Amino acid sequence: MAMRLRSQPLGNKNLIGARVEAARKSQGMKQKELLAQLQVRGVDLNASGLSKLEGQIRFVTDFELLALSDILGVSVVWLLTGEDK
């Protein structure tokens, strides 16, 4: 099954959305799986919210940032800048 491509251009509400999406897809993780992992960590986000986060059309909380870094196995610095220290 082919992955759906983003139909809208990226927004400007966060820095991490495109990297969250890239890291998730590189691990073969579906949005539903990421949402379940976020729930386990106490981050209540629905599919629409995650889609908006990845599309950079909603803000990201510090709780979400830390949980995403942990789940995806990437640093907060990489999520924010695309660079690792």
# chains A, B, ... in the order shown; residues from 1 in each chain; ligands from 1
>>> residues_around(residues="region 13-21 of chain A", least_positions_apart="5", cutoff="7 Å", atoms="only C-alpha atoms", output="VMD selection string")
chain A and resid 53 to 60 79 to 80
>>> write_last_selection(atoms="N, CA, C and O atoms", output="mmCIF file, in the first residue's frame")
data_model
loop_
_atom_site.group_PDB
_atom_site.id
_atom_site.type_symbol
_atom_site.label_atom_id
_atom_site.label_comp_id
_atom_site.auth_asym_id
_atom_site.auth_seq_id
_atom_site.Cartn_x
_atom_site.Cartn_y
_atom_site.Cartn_z
ATOM 1 N N LEU A 53 0.407 18.428 13.797
ATOM 2 C CA LEU A 53 1.764 18.603 14.323
ATOM 3 C C LEU A 53 2.784 18.300 13.229
ATOM 4 O O LEU A 53 3.688 19.089 12.981
ATOM 5 N N GLU A 54 2.616 17.154 12.562
ATOM 6 C CA GLU A 54 3.555 16.778 11.498
ATOM 7 C C GLU A 54 3.509 17.766 10.339
ATOM 8 O O GLU A 54 4.515 17.990 9.683
ATOM 9 N N GLY A 55 2.363 18.350 10.109
ATOM 10 C CA GLY A 55 2.225 19.325 9.037
ATOM 11 C C GLY A 55 2.625 20.732 9.437
ATOM 12 O O GLY A 55 2.524 21.675 8.654
ATOM 13 N N GLN A 56 3.089 20.864 10.681
ATOM 14 C CA GLN A 56 3.551 22.135 11.233
ATOM 15 C C GLN A 56 2.453 23.198 11.253
ATOM 16 O O GLN A 56 2.736 24.385 11.099
ATOM 17 N N ILE A 57 1.206 22.751 11.481
ATOM 18 C CA ILE A 57 0.114 23.715 11.545
ATOM 19 C C ILE A 57 -0.518 23.774 12.935
ATOM 20 O O ILE A 57 -1.592 24.312 13.112
ATOM 21 N N ARG A 58 0.183 23.206 13.935
ATOM 22 C CA ARG A 58 -0.200 23.394 15.334
ATOM 23 C C ARG A 58 1.062 23.470 16.168
ATOM 24 O O ARG A 58 2.112 22.960 15.785
ATOM 25 N N PHE A 59 0.952 24.151 17.293
ATOM 26 C CA PHE A 59 2.087 24.273 18.198
ATOM 27 C C PHE A 59 2.337 22.947 18.904
ATOM 28 O O PHE A 59 1.460 22.102 18.990
ATOM 29 N N VAL A 60 3.557 22.776 19.441
ATOM 30 C CA VAL A 60 3.960 21.564 20.148
ATOM 31 C C VAL A 60 4.278 21.944 21.590
ATOM 32 O O VAL A 60 4.982 22.924 21.830
ATOM 33 N N LEU A 79 15.329 17.165 16.848
ATOM 34 C CA LEU A 79 13.948 17.516 16.492
ATOM 35 C C LEU A 79 13.842 19.018 16.234
ATOM 36 O O LEU A 79 13.148 19.453 15.316
ATOM 37 N N LEU A 80 14.527 19.821 17.041
ATOM 38 C CA LEU A 80 14.410 21.271 16.907
ATOM 39 C C LEU A 80 15.246 21.848 15.767
ATOM 40 O O LEU A 80 14.826 22.802 15.121
#
>>> residues_around(residues="Lys30 (chain A)", least_positions_apart="2", cutoff="12 Å", atoms="only C-alpha atoms", output="VMD selection string")
chain A and resid 3 to 4 20 to 28 32 to 37 47 50 to 51 72
>>> select_by_dssp(residues="chain A", states="helix (DSSP H, G or I)", output="PyMOL selection string")
chain A and resi 17-26+31-40+47-54+62-72+76-81
